[in-house]
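Colleague: One file: protein-v4.cif (mmCIF, C-alpha atoms; chains and numbers go by the auth columns).
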```cif
data_query
#
loop_
_atom_site.group_PDB
_atom_site.id
_atom_site.type_symbol
_atom_site.label_atom_id
_atom_site.label_comp_id
_atom_site.label_asym_id
_atom_site.label_seq_id
_atom_site.Cartn_x
_atom_site.Cartn_y
_atom_site.Cartn_z
_atom_site.B_iso_or_equiv
_atom_site.auth_seq_id
_atom_site.auth_asym_id
ATOM 1 C CA MET A 1 -19.550 16.651 13.393 0.00 690 K
ATOM 2 C CA ALA A 2 -15.940 16.158 14.440 0.00 691 K
ATOM 3 C CA ASP A 3 -13.719 14.290 12.026 0.00 692 K
ATOM 4 C CA THR A 4 -12.590 11.957 14.815 0.00 693 K
ATOM 5 C CA LEU A 5 -13.805 10.457 18.078 0.00 694 K
ATOM 6 C CA SER A 6 -11.687 9.081 20.908 0.00 695 K
ATOM 7 C CA LEU A 7 -12.421 5.799 22.658 0.00 696 K
ATOM 8 C CA ASP A 8 -10.759 4.333 25.745 0.00 697 K
ATOM 9 C CA LEU A 9 -9.989 0.644 25.220 0.00 698 K
ATOM 10 C CA GLY A 10 -8.960 -0.375 28.699 0.00 699 K
ATOM 11 C CA GLY A 11 -6.278 2.257 29.200 0.00 700 K
ATOM 12 C CA ARG A 12 -5.429 2.634 25.537 0.00 701 K
ATOM 13 C CA VAL A 13 -7.076 5.632 23.916 0.00 702 K
ATOM 14 C CA VAL A 14 -7.629 5.180 20.189 0.00 703 K
ATOM 15 C CA THR A 15 -8.735 7.707 17.608 0.00 704 K
ATOM 16 C CA VAL A 16 -11.577 6.700 15.322 0.00 705 K
ATOM 17 C CA ALA A 17 -12.017 8.510 12.005 0.00 706 K
ATOM 18 C CA VAL A 18 -15.628 9.553 11.423 0.00 707 K
ATOM 19 C CA LYS A 19 -17.093 9.842 7.946 0.00 708 K
ATOM 20 C CA ARG A 20 -20.609 10.626 6.736 0.00 709 K
ATOM 21 C CA SER A 21 -22.115 9.172 3.606 0.00 710 K
ATOM 22 C CA ALA A 22 -25.395 9.933 1.901 0.00 711 K
ATOM 23 C CA LEU A 23 -25.435 6.296 0.759 0.00 712 K
ATOM 24 C CA ALA A 24 -24.978 4.794 4.242 0.00 713 K
ATOM 25 C CA ARG A 25 -28.226 3.402 5.705 0.00 714 K
ATOM 26 C CA ARG A 26 -26.776 2.460 9.081 0.00 715 K
ATOM 27 C CA LEU A 27 -23.706 2.977 11.232 0.00 716 K
ATOM 28 C CA SER A 28 -20.775 0.718 10.405 0.00 717 K
ATOM 29 C CA LEU A 29 -17.310 0.309 11.868 0.00 718 K
ATOM 30 C CA ARG A 30 -14.280 -1.094 10.091 0.00 719 K
ATOM 31 C CA VAL A 31 -10.580 -1.386 10.754 0.00 720 K
ATOM 32 C CA ASP A 32 -8.306 -0.425 7.895 0.00 721 K
ATOM 33 C CA PRO A 33 -4.609 -1.496 7.920 0.00 722 K
ATOM 34 C CA VAL A 34 -3.620 2.007 6.828 0.00 723 K
ATOM 35 C CA ARG A 35 -6.241 4.338 8.302 0.00 724 K
ATOM 36 C CA GLY A 36 -7.000 2.407 11.490 0.00 725 K
ATOM 37 C CA ALA A 37 -10.555 2.530 12.839 0.00 726 K
ATOM 38 C CA VAL A 38 -13.165 4.193 10.606 0.00 727 K
ATOM 39 C CA LEU A 39 -16.780 4.825 11.616 0.00 728 K
ATOM 40 C CA MET A 40 -19.204 5.414 8.741 0.00 729 K
ATOM 41 C CA LEU A 41 -22.411 7.307 9.506 0.00 730 K
ATOM 42 C CA PRO A 42 -25.610 8.017 7.604 0.00 731 K
ATOM 43 C CA ALA A 43 -25.939 11.683 6.698 0.00 732 K
ATOM 44 C CA LYS A 44 -28.383 12.513 9.498 0.00 733 K
ATOM 45 C CA ALA A 45 -26.914 10.412 12.313 0.00 734 K
ATOM 46 C CA ARG A 46 -26.217 12.262 15.549 0.00 735 K
ATOM 47 C CA LEU A 47 -22.928 12.414 17.429 0.00 736 K
ATOM 48 C CA ALA A 48 -24.472 10.839 20.533 0.00 737 K
ATOM 49 C CA GLU A 49 -25.619 7.887 18.418 0.00 738 K
ATOM 50 C CA ALA A 50 -22.105 7.446 17.040 0.00 739 K
ATOM 51 C CA GLU A 51 -20.621 7.504 20.542 0.00 740 K
ATOM 52 C CA ARG A 52 -23.077 4.863 21.784 0.00 741 K
ATOM 53 C CA PHE A 53 -22.323 2.690 18.767 0.00 742 K
ATOM 54 C CA LEU A 54 -18.574 2.873 19.455 0.00 743 K
ATOM 55 C CA ALA A 55 -19.048 2.051 23.119 0.00 744 K
ATOM 56 C CA ALA A 56 -21.144 -0.997 22.238 0.00 745 K
ATOM 57 C CA HIS A 57 -18.412 -2.252 19.876 0.00 746 K
ATOM 58 C CA ARG A 58 -15.457 -1.570 22.185 0.00 747 K
ATOM 59 C CA VAL A 59 -14.437 -5.227 22.528 0.00 748 K
ATOM 60 C CA TRP A 60 -14.784 -5.939 18.804 0.00 749 K
ATOM 61 C CA LEU A 61 -12.675 -2.888 17.967 0.00 750 K
ATOM 62 C CA ALA A 62 -9.930 -3.797 20.445 0.00 751 K
ATOM 63 C CA GLU A 63 -9.681 -7.303 18.985 0.00 752 K
ATOM 64 C CA ARG A 64 -9.488 -6.064 15.402 0.00 753 K
ATOM 65 C CA LEU A 65 -6.891 -3.406 16.188 0.00 754 K
ATOM 66 C CA ALA A 66 -4.765 -5.998 17.964 0.00 755 K
ATOM 67 C CA ARG A 67 -4.663 -8.046 14.764 0.00 756 K
ATOM 68 C CA LEU A 68 -3.189 -5.241 12.673 0.00 757 K
ATOM 69 C CA PRO A 69 0.475 -5.676 11.707 0.00 758 K
ATOM 70 C CA GLN A 70 2.849 -3.551 13.756 0.00 759 K
ATOM 71 C CA THR A 71 4.289 -0.525 12.018 0.00 760 K
ATOM 72 C CA VAL A 72 7.983 -0.561 11.125 0.00 761 K
ATOM 73 C CA ALA A 73 10.115 2.572 11.152 0.00 762 K
ATOM 74 C CA LEU A 74 12.829 2.682 8.488 0.00 763 K
ATOM 75 C CA THR A 75 15.628 2.916 11.038 0.00 764 K
ATOM 76 C CA ASP A 76 18.898 1.170 11.786 0.00 765 K
ATOM 77 C CA GLY A 77 18.207 -2.515 12.430 0.00 766 K
ATOM 78 C CA ALA A 78 14.786 -2.612 10.748 0.00 767 K
ATOM 79 C CA ALA A 79 13.990 -5.555 8.472 0.00 768 K
ATOM 80 C CA VAL A 80 12.693 -4.306 5.125 0.00 769 K
ATOM 81 C CA PRO A 81 11.707 -6.578 2.224 0.00 770 K
ATOM 82 C CA LEU A 82 13.222 -5.712 -1.138 0.00 771 K
ATOM 83 C CA LEU A 83 11.392 -7.622 -3.871 0.00 772 K
ATOM 84 C CA GLY A 84 10.067 -9.836 -1.097 0.00 773 K
ATOM 85 C CA VAL A 85 13.491 -10.671 0.351 0.00 774 K
ATOM 86 C CA PRO A 86 14.124 -9.345 3.894 0.00 775 K
ATOM 87 C CA HIS A 87 17.035 -6.912 4.144 0.00 776 K
ATOM 88 C CA ALA A 88 18.343 -5.424 7.377 0.00 777 K
ATOM 89 C CA VAL A 89 18.869 -1.661 7.418 0.00 778 K
ATOM 90 C CA ARG A 90 22.369 -0.902 8.700 0.00 779 K
ATOM 91 C CA HIS A 91 23.723 2.558 9.386 0.00 780 K
ATOM 92 C CA VAL A 92 27.354 3.076 8.327 0.00 781 K
ATOM 93 C CA PRO A 93 27.904 6.778 9.061 0.00 782 K
ATOM 94 C CA GLY A 94 31.430 7.068 7.745 0.00 783 K
ATOM 95 C CA ALA A 95 30.935 5.413 4.359 0.00 784 K
ATOM 96 C CA ARG A 96 29.772 8.494 2.405 0.00 785 K
ATOM 97 C CA ARG A 97 28.110 6.336 -0.259 0.00 786 K
ATOM 98 C CA GLY A 98 24.463 7.242 0.179 0.00 787 K
ATOM 99 C CA VAL A 99 22.349 4.063 0.204 0.00 788 K
ATOM 100 C CA TRP A 100 23.277 0.766 -1.380 0.00 789 K
ATOM 101 C CA VAL A 101 22.512 -2.956 -1.103 0.00 790 K
ATOM 102 C CA GLU A 102 25.203 -5.424 -0.159 0.00 791 K
ATOM 103 C CA GLY A 103 25.197 -8.856 1.458 0.00 792 K
ATOM 104 C CA GLY A 104 21.489 -8.879 2.197 0.00 793 K
ATOM 105 C CA GLU A 105 21.577 -5.466 3.860 0.00 794 K
ATOM 106 C CA ILE A 106 20.486 -1.956 2.957 0.00 795 K
ATOM 107 C CA LEU A 107 23.463 0.152 3.972 0.00 796 K
ATOM 108 C CA VAL A 108 22.969 3.835 4.733 0.00 797 K
ATOM 109 C CA SER A 109 25.656 6.461 5.267 0.00 798 K
ATOM 110 C CA GLY A 110 25.257 9.951 6.710 0.00 799 K
ATOM 111 C CA LEU A 111 23.689 11.236 9.896 0.00 800 K
ATOM 112 C CA PRO A 112 21.460 8.909 11.954 0.00 801 K
ATOM 113 C CA GLU A 113 18.482 11.264 11.801 0.00 802 K
ATOM 114 C CA HIS A 114 18.527 10.985 7.997 0.00 803 K
ATOM 115 C CA VAL A 115 18.441 7.171 7.808 0.00 804 K
ATOM 116 C CA GLY A 116 14.660 6.839 7.462 0.00 805 K
ATOM 117 C CA ARG A 117 14.326 9.459 4.754 0.00 806 K
ATOM 118 C CA ARG A 118 17.291 8.069 2.826 0.00 807 K
ATOM 119 C CA VAL A 119 15.963 4.504 2.910 0.00 808 K
ATOM 120 C CA ALA A 120 12.532 5.695 1.778 0.00 809 K
ATOM 121 C CA ASP A 121 14.050 7.693 -1.079 0.00 810 K
ATOM 122 C CA PHE A 122 16.128 4.675 -2.079 0.00 811 K
ATOM 123 C CA LEU A 123 13.096 2.371 -2.128 0.00 812 K
ATOM 124 C CA LYS A 124 11.097 4.830 -4.218 0.00 813 K
ATOM 125 C CA ALA A 125 13.984 5.186 -6.672 0.00 814 K
ATOM 126 C CA GLU A 126 14.289 1.400 -6.908 0.00 815 K
ATOM 127 C CA ALA A 127 10.566 1.125 -7.569 0.00 816 K
ATOM 128 C CA ARG A 128 10.825 3.643 -10.391 0.00 817 K
ATOM 129 C CA ARG A 129 13.882 1.883 -11.841 0.00 818 K
ATOM 130 C CA LEU A 130 12.071 -1.458 -11.872 0.00 819 K
ATOM 131 C CA ILE A 131 8.516 -0.449 -12.759 0.00 820 K
ATOM 132 C CA VAL A 132 8.822 2.205 -15.470 0.00 821 K
ATOM 133 C CA PRO A 133 10.895 0.103 -17.944 0.00 822 K
ATOM 134 C CA ARG A 134 8.633 -2.891 -17.320 0.00 823 K
ATOM 135 C CA ALA A 135 5.530 -0.848 -18.105 0.00 824 K
ATOM 136 C CA HIS A 136 6.989 0.400 -21.383 0.00 825 K
ATOM 137 C CA ALA A 137 8.270 -3.051 -22.354 0.00 826 K
ATOM 138 C CA MET A 138 4.942 -4.779 -21.667 0.00 827 K
ATOM 139 C CA ALA A 139 3.036 -2.062 -23.491 0.00 828 K
ATOM 140 C CA GLY A 140 5.382 -2.568 -26.423 0.00 829 K
ATOM 141 C CA GLN A 141 4.497 -6.266 -26.464 0.00 830 K
ATOM 142 C CA LEU A 142 0.897 -5.207 -27.069 0.00 831 K
ATOM 143 C CA GLY A 143 1.826 -2.641 -29.674 0.00 832 K
ATOM 144 C CA ARG A 144 0.790 0.110 -27.270 0.00 833 K
ATOM 145 C CA LYS A 145 2.506 3.135 -25.797 0.00 834 K
ATOM 146 C CA PRO A 146 1.545 4.355 -22.324 0.00 835 K
ATOM 147 C CA GLY A 147 1.232 8.000 -21.439 0.00 836 K
ATOM 148 C CA ARG A 148 2.878 9.184 -18.268 0.00 837 K
ATOM 149 C CA VAL A 149 4.081 6.476 -15.867 0.00 838 K
ATOM 150 C CA SER A 150 4.148 7.747 -12.293 0.00 839 K
ATOM 151 C CA LEU A 151 4.689 6.348 -8.812 0.00 840 K
ATOM 152 C CA LYS A 152 2.574 7.257 -5.797 0.00 841 K
ATOM 153 C CA ASP A 153 1.877 6.091 -2.257 0.00 842 K
ATOM 154 C CA THR A 154 -1.729 5.081 -2.839 0.00 843 K
ATOM 155 C CA ARG A 155 -3.706 3.377 -0.081 0.00 844 K
ATOM 156 C CA SER A 156 -6.615 1.761 -1.872 0.00 845 K
ATOM 157 C CA ARG A 157 -5.036 0.409 -5.065 0.00 846 K
ATOM 158 C CA TRP A 158 -1.694 -0.861 -6.300 0.00 847 K
ATOM 159 C CA GLY A 159 -1.977 0.620 -9.760 0.00 848 K
ATOM 160 C CA SER A 160 -4.270 2.480 -12.119 0.00 849 K
ATOM 161 C CA CYS A 161 -4.703 3.244 -15.802 0.00 850 K
ATOM 162 C CA SER A 162 -6.490 6.409 -16.899 0.00 851 K
ATOM 163 C CA SER A 163 -8.666 6.810 -19.971 0.00 852 K
ATOM 164 C CA THR A 164 -5.778 8.714 -21.582 0.00 853 K
ATOM 165 C CA GLY A 165 -3.307 5.871 -21.022 0.00 854 K
ATOM 166 C CA ASP A 166 -1.467 7.303 -18.032 0.00 855 K
ATOM 167 C CA LEU A 167 -0.282 4.611 -15.634 0.00 856 K
ATOM 168 C CA ALA A 168 0.304 4.995 -11.896 0.00 857 K
ATOM 169 C CA PHE A 169 1.730 2.492 -9.428 0.00 858 K
ATOM 170 C CA SER A 170 2.365 2.286 -5.714 0.00 859 K
ATOM 171 C CA TRP A 171 6.077 2.505 -4.966 0.00 860 K
ATOM 172 C CA ARG A 172 5.473 -0.070 -2.215 0.00 861 K
ATOM 173 C CA LEU A 173 5.333 -2.773 -4.883 0.00 862 K
ATOM 174 C CA VAL A 174 9.140 -2.815 -4.639 0.00 863 K
ATOM 175 C CA LEU A 175 8.642 -4.467 -1.230 0.00 864 K
ATOM 176 C CA ALA A 176 6.621 -7.331 -2.735 0.00 865 K
ATOM 177 C CA PRO A 177 8.007 -10.415 -4.512 0.00 866 K
ATOM 178 C CA GLU A 178 9.065 -9.690 -8.087 0.00 867 K
ATOM 179 C CA GLN A 179 6.290 -11.795 -9.624 0.00 868 K
ATOM 180 C CA VAL A 180 3.741 -9.691 -7.725 0.00 869 K
ATOM 181 C CA LEU A 181 5.270 -6.465 -9.023 0.00 870 K
ATOM 182 C CA ASP A 182 5.252 -7.915 -12.545 0.00 871 K
ATOM 183 C CA TYR A 183 1.600 -8.879 -12.214 0.00 872 K
ATOM 184 C CA VAL A 184 0.457 -5.416 -11.117 0.00 873 K
ATOM 185 C CA VAL A 185 2.362 -3.787 -13.960 0.00 874 K
ATOM 186 C CA ALA A 186 0.836 -6.237 -16.432 0.00 875 K
ATOM 187 C CA HIS A 187 -2.624 -5.646 -14.972 0.00 876 K
ATOM 188 C CA GLU A 188 -2.493 -1.908 -15.600 0.00 877 K
ATOM 189 C CA VAL A 189 -0.772 -2.231 -18.985 0.00 878 K
ATOM 190 C CA ALA A 190 -3.500 -4.650 -20.074 0.00 879 K
ATOM 191 C CA HIS A 191 -6.007 -1.858 -19.496 0.00 880 K
ATOM 192 C CA LEU A 192 -4.392 0.005 -22.399 0.00 881 K
ATOM 193 C CA GLU A 193 -6.031 -2.635 -24.556 0.00 882 K
ATOM 194 C CA GLN A 194 -9.044 -3.678 -22.473 0.00 883 K
ATOM 195 C CA MET A 195 -10.477 -1.038 -20.113 0.00 884 K
ATOM 196 C CA ASN A 196 -12.480 -3.653 -18.214 0.00 885 K
ATOM 197 C CA HIS A 197 -12.023 -6.947 -16.370 0.00 886 K
ATOM 198 C CA SER A 198 -13.537 -9.191 -19.009 0.00 887 K
ATOM 199 C CA PRO A 199 -12.157 -12.606 -20.012 0.00 888 K
ATOM 200 C CA ALA A 200 -10.395 -10.797 -22.865 0.00 889 K
ATOM 201 C CA PHE A 201 -8.654 -8.553 -20.331 0.00 890 K
ATOM 202 C CA TRP A 202 -7.415 -11.486 -18.252 0.00 891 K
ATOM 203 C CA ALA A 203 -6.205 -13.179 -21.418 0.00 892 K
ATOM 204 C CA VAL A 204 -4.025 -10.117 -22.090 0.00 893 K
ATOM 205 C CA VAL A 205 -2.655 -10.214 -18.531 0.00 894 K
ATOM 206 C CA GLU A 206 -1.844 -13.896 -18.886 0.00 895 K
ATOM 207 C CA SER A 207 -0.084 -13.277 -22.198 0.00 896 K
ATOM 208 C CA LEU A 208 2.221 -10.844 -20.387 0.00 897 K
ATOM 209 C CA VAL A 209 3.011 -12.631 -17.114 0.00 898 K
ATOM 210 C CA GLY A 210 1.364 -16.052 -17.135 0.00 899 K
ATOM 211 C CA ASP A 211 -1.192 -17.228 -14.574 0.00 900 K
ATOM 212 C CA PRO A 212 -2.062 -14.222 -12.366 0.00 901 K
ATOM 213 C CA ARG A 213 -3.806 -16.192 -9.615 0.00 902 K
ATOM 214 C CA GLY A 214 -0.719 -16.652 -7.429 0.00 903 K
ATOM 215 C CA PRO A 215 0.234 -12.951 -7.311 0.00 904 K
ATOM 216 C CA ARG A 216 -3.418 -12.008 -6.746 0.00 905 K
ATOM 217 C CA ARG A 217 -3.610 -14.365 -3.764 0.00 906 K
ATOM 218 C CA TRP A 218 -0.366 -12.951 -2.378 0.00 907 K
ATOM 219 C CA LEU A 219 -1.674 -9.392 -2.568 0.00 908 K
ATOM 220 C CA LYS A 220 -4.939 -10.363 -0.928 0.00 909 K
ATOM 221 C CA GLY A 221 -3.144 -12.045 1.968 0.00 910 K
ATOM 222 C CA ASN A 222 -0.077 -9.838 2.326 0.00 911 K
ATOM 223 C CA GLY A 223 -0.686 -6.548 0.534 0.00 912 K
ATOM 224 C CA ALA A 224 -1.898 -4.672 3.607 0.00 913 K
ATOM 225 C CA GLY A 225 1.398 -5.442 5.330 0.00 914 K
ATOM 226 C CA LEU A 226 3.306 -3.381 2.779 0.00 915 K
ATOM 227 C CA HIS A 227 1.730 -0.273 4.295 0.00 916 K
ATOM 228 C CA ARG A 228 3.183 -0.887 7.743 0.00 917 K
ATOM 229 C CA PHE A 229 6.556 0.563 6.762 0.00 918 K
ATOM 230 C CA GLN A 230 6.564 4.176 7.908 0.00 919 K
ATOM 231 C CA VAL A 231 7.967 6.836 5.643 0.00 920 K
ATOM 232 C CA PRO A 232 9.364 9.928 7.400 0.00 921 K
#
```
Go ahead and render the structure in this file as structure tokens.
Modeller:
Amino acid sequence: MADTLSLDLGGRVVTVAVKRSALARRLSLRVDPVRGAVLMLPAKARLAEAERFLAAHRVWLAERLARLPQTVALTDGAAVPLLGVPHAVRHVPGARRGVWVEGGEILVSGLPEHVGRRVADFLKAEARRLIVPRAHAMAGQLGRKPGRVSLKDTRSRWGSCSSTGDLAFSWRLVLAPEQVLDYVVAHEVAHLEQMNHSPAFWAVVESLVGDPRGPRRWLKGNGAGLHRFQVP
């Protein structure tokens, strides 16, 4: 079967990702803030069945897609949150200073076609500068030492801890409020001591950053929006 199907939503043609699963018992359709529309099929479902299912859910799909946050290109004039605080991207071609923050703006020198890439590189570097020392410091509070600490652009999780103690975080956490970034770092560091989500695990998290309920609520309500910023 094709990996995608196209559907006309009243003049707007959308692409729906199609996935098969041996565990799926029926067809299901969901709208993901990052991937868009995804149609899950049982292993033996036919293409014609999938097409009929999409057609029957055309109105539902259009409504859900309309609710998704609009994507934001990292260009001159864009509003980009840095630790949760909106900053306007401003292109200053003659400055020859790379990228820097000043007066509530992210200033970018160089050619206009390089603005997006430079802002993205700056945000990733800021994420590394803020997250890596925090991870080591929090691990030290527990008498632990993490393995490799890396940054990625993960879609389904904000952080992870491997069985060998390697930690990974989404660089997009630099867009979230600082207490949210702190919470995610503490969450993964706590797994160095408790590789579970037991009461003992949450006690470790709380010992590192206090009550985690506020940051968890923020991520649940706002986390998907961090993926709307497009990286060249």
Colleague: Kindly indicate which residue among K:Leu743, K:Cys850, K:Leu864, K:Leu897 lies nearest to Ala706 of chain K, using all atoms listed in the file for the distances.
Modeller: K:Leu743
Colleague: For Trp847 of chain K, which residue among K:Arg756, K:His825, K:Arg786, K:Lys909 is the nearest when counting all atoms listed in the file?
Modeller: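 Closest to Trp847 of chain K, using all atoms listed in the file: K:Lys909.
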Colleague: For the structure shown, which residues end up in the PyMOL selection byres ((chain K and resi 739) around 12)? Put them as a PyMOL selection string, please?
Modeller: chain K and resi 690-696+705-709+715-718+727-738+740-746
Colleague: Got time to write the residues from that selection, C-alpha atoms, as an mmCIF file, in the frame of the given file?
Modeller:
```
data_model
loop_
_atom_site.group_PDB
_atom_site.id
_atom_site.type_symbol
_atom_site.label_atom_id
_atom_site.label_comp_id
_atom_site.auth_asym_id
_atom_site.auth_seq_id
_atom_site.Cartn_x
_atom_site.Cartn_y
_atom_site.Cartn_z
ATOM 1 C CA MET K 690 -19.550 16.651 13.393
ATOM 2 C CA ALA K 691 -15.940 16.158 14.440
ATOM 3 C CA ASP K 692 -13.719 14.290 12.026
ATOM 4 C CA THR K 693 -12.590 11.957 14.815
ATOM 5 C CA LEU K 694 -13.805 10.457 18.078
ATOM 6 C CA SER K 695 -11.687 9.081 20.908
ATOM 7 C CA LEU K 696 -12.421 5.799 22.658
ATOM 8 C CA VAL K 705 -11.577 6.700 15.322
ATOM 9 C CA ALA K 706 -12.017 8.510 12.005
ATOM 10 C CA VAL K 707 -15.628 9.553 11.423
ATOM 11 C CA LYS K 708 -17.093 9.842 7.946
ATOM 12 C CA ARG K 709 -20.609 10.626 6.736
ATOM 13 C CA ARG K 715 -26.776 2.460 9.081
ATOM 14 C CA LEU K 716 -23.706 2.977 11.232
ATOM 15 C CA SER K 717 -20.775 0.718 10.405
ATOM 16 C CA LEU K 718 -17.310 0.309 11.868
ATOM 17 C CA VAL K 727 -13.165 4.193 10.606
ATOM 18 C CA LEU K 728 -16.780 4.825 11.616
ATOM 19 C CA MET K 729 -19.204 5.414 8.741
ATOM 20 C CA LEU K 730 -22.411 7.307 9.506
ATOM 21 C CA PRO K 731 -25.610 8.017 7.604
ATOM 22 C CA ALA K 732 -25.939 11.683 6.698
ATOM 23 C CA LYS K 733 -28.383 12.513 9.498
ATOM 24 C CA ALA K 734 -26.914 10.412 12.313
ATOM 25 C CA ARG K 735 -26.217 12.262 15.549
ATOM 26 C CA LEU K 736 -22.928 12.414 17.429
ATOM 27 C CA ALA K 737 -24.472 10.839 20.533
ATOM 28 C CA GLU K 738 -25.619 7.887 18.418
ATOM 29 C CA GLU K 740 -20.621 7.504 20.542
ATOM 30 C CA ARG K 741 -23.077 4.863 21.784
ATOM 31 C CA PHE K 742 -22.323 2.690 18.767
ATOM 32 C CA LEU K 743 -18.574 2.873 19.455
ATOM 33 C CA ALA K 744 -19.048 2.051 23.119
ATOM 34 C CA ALA K 745 -21.144 -0.997 22.238
ATOM 35 C CA HIS K 746 -18.412 -2.252 19.876
#
```
Colleague: In Å to one decimal, how far is atom CA of Pro921 of chain K from atom CA of Ala784 of chain K?
Modeller: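 Going from atom CA of Ala784 of chain K over to atom CA of Pro921 of chain K, I get 22.2 Å.
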Colleague: Can you measure atom CA of Ala814 of chain K to atom CA of Leu796 of chain K for me? One decimal in Å is fine.
Modeller: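 Separation of atom CA of Ala814 of chain K and atom CA of Leu796 of chain K: 15.1 Å.
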Colleague: What do you get, as a ChimeraX atom specification, if you spell out every residue that the PyMOL selection byres ((chain K and resi 826-843) around 9) selects here?
Modeller: /K:813,816-817,820-825,844-848,853-861,874-875,878-879,881-882,893,897
Colleague: Hey, could you pull the box centre and edge lengths for segment 882-886 of chain K, axis-aligned, 8 Å padding per side, all listed atoms, to one decimal in Å, as lines of an AutoDock Vina configuration file?
Modeller:
```
center_x = -9.3
center_y = -4.0
center_z = -20.5
size_x = 22.4
size_y = 21.9
size_z = 24.2
```
Colleague: Pick the closest to His876 of chain K from K:Val748, K:Leu771, K:Leu800, K:Val894: which is it, counting all atoms listed in the file?
Modeller: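 So, comparing all the options, the nearest one is K:Val894.
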Colleague: Using only C-alpha atoms for the distances, tell me which of K:Gly910, K:Pro888, K:Pro770, K:Pro758 is nearest to Ile795 of chain K.
Modeller: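 Counting only C-alpha atoms, the residue closest to Ile795 of chain K is K:Pro770.
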Colleague: Using only C-alpha atoms, which protein or nucleic acid residues come within 10 Å of segment 762-768 of chain K? Drop anything in the same chain fewer than 4 positions from it, and give the result as a list of chain:residue names.
Modeller: K:Val774, K:Pro775, K:His776, K:Ala777, K:Val778, K:Arg779, K:His780, K:Val781, K:Glu794, K:Ile795, K:Leu796, K:Val797, K:Pro801, K:Glu802, K:His803, K:Val804, K:Gly805, K:Arg806, K:Arg807, K:Val808, K:Ala809, K:Arg917, K:Phe918, K:Gln919, K:Val920, K:Pro921
Colleague: Which residue gives the smallest distance to Arg753 of chain K among K:Ala865, K:Arg719, K:Phe811, K:Ser896, with all atoms listed in the file counted?
Modeller: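 Checking each candidate against Arg753 of chain K, we get K:Arg719 as the closest.
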Colleague: Tell me, in Å to one decimal, how far atom CA of Ser798 of chain K is from atom CA of Leu812 of chain K.
Modeller: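 Separation between atom CA of Ser798 of chain K and atom CA of Leu812 of chain K: 15.1 Å.
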Colleague: Between K:Leu870, K:Leu757, K:Val769, K:Leu698, which has the minimum distance to Ala913 of chain K (counting only C-alpha atoms)?
Modeller: K:Leu757
